Amino acid sequence: MQLGYVDGDAIRLVTATKVWIDHNTLYKCHDGLLDVTRGSTDITISNNWFRNQDKVMLLGHDDGFLRDKSMKVTVAFNHFGPNCNQRMPRIRHGYAHVANNLYQGWEQYAIGGSMTPSIKSEANFFIAPKSGNKEVTWRHGSQESGPWKFYSVRDAFENGASFIQTGLGMAKPNYNPEQMFPVADARFVRSLTRSSGAICCSRSLRC
């Protein structure tokens with residue numbers, strides 16, 4: 001497959017299936033930290049530390065790439081921040097289950113999308129910045145092509161953070177039995193994400 005110009009992402013998945021991205025520390029890249037694009041699906045992004053970055057995570061190639069409608073991505077047990085601006089994640093067309101992540105502030109937004117994606121935000125801990133935008137979500141475009149589903153369940157909010165929900169009904173993960181995992185209460189997110197990021201093998205600590 002011709003990939004063309006590579007624009008400086010730390011990790012880029014193209015037409016990938018059943019990939020697990022776990023325990024990485026990613027920061028200060030030219031473009032984004034992680035892109036999942038061009039029909040990639042069944043992707044798990046867990047236990048990573050994303051910090052010091054404008055564009056963090058993009059799920060979906062572009063607004064016209066309709067194969068991404070079948071995309072399913074799980075984003076769990078990650079630490080976002082400090083100094084992250086946007087895209088934690090931004091999703092186009094597909095579905096994302098965002099669970100048990102720690103959000104240490106943002107500038108533009110934390111979770112956003114375009115082209116009527118479905119997002120289930122479950123038991124995350126959102127700490128809004130002390131000043132500026134305190135709304136977690138962002139949407140680009142209209143709902144004319146279909147219903148948006150931005151759903152929040154059991155999330156925790158601090159410093160005035162808020163989550164505007166849209167769409168009728170819950171965005172469901174549609175996991176098979178082998179893919180199911182327990183989602184803890186949001187009050188445990190700090191401890192669950194304490195070891196996120198790259199692991200120092202000698203002392204089993206986050207590098």
# chains A, B, ... in the order shown; residues from 1 in each chain; ligands from 1
>>> residues_around(residues="range 188-192 of chain A", least_positions_apart="4", cutoff="8 Å", atoms="only C-alpha atoms", output="number ranges by chain")
A: 77, 100-102, 123-125, 184
>>> residues_around(residues="range 146-156 of chain A", least_positions_apart="4", cutoff="10 Å", atoms="only C-alpha atoms", output="ChimeraX atom specification")
/A:93,95-102,111-127,137-139,142,161-172,183-187,189
>>> select_by_dssp(residues="range 82-154 of chain A", states="strand (DSSP E)", output="PyMOL selection string")
chain A and resi 84-86+90-92+95-99+102-104+111-114+118-122+125-127+137-140+149-153
>>> residues_around(residues="Ala10 in chain A", least_positions_apart="3", cutoff="12 Å", atoms="only C-alpha atoms", output="list of chain:residue names")
A:Val6, A:Asp7, A:Leu13, A:Ile21, A:Asn24, A:Thr25, A:Leu26, A:Tyr27, A:Lys28, A:Cys29, A:His30, A:Asp31, A:Gly32, A:Leu33, A:Leu34, A:Asp35, A:Val36, A:Phe50, A:Gln53, A:Lys55, A:Val56, A:Met57, A:Leu58
>>> atom_distance(atom1="CA of Ser46 in chain A", atom2="CA of Asp22 in chain A")
5.0 Å
>>> residues_around(residues="range 67-73 of chain A", least_positions_apart="5", cutoff="6 Å", atoms="only C-alpha atoms", output="list in words")
Gly39, Thr41, Asp42, Ile43, Thr44, Gly60, His93, Gly94, Tyr95 and Ala96 of chain A
>>> select_by_dssp(residues="range 4-87 of chain A", states="helix (DSSP H, G or I)", output="list of chain:residue names")
A:Leu66, A:Arg67, A:Asp68, A:Lys69, A:Ser70
>>> atom_distance(atom1="CA of Asn133 in chain A", atom2="CA of Asn85 in chain A")
10.8 Å
>>> atom_distance(atom1="CA of Asp62 in chain A", atom2="CA of Gly105 in chain A")
26.2 Å
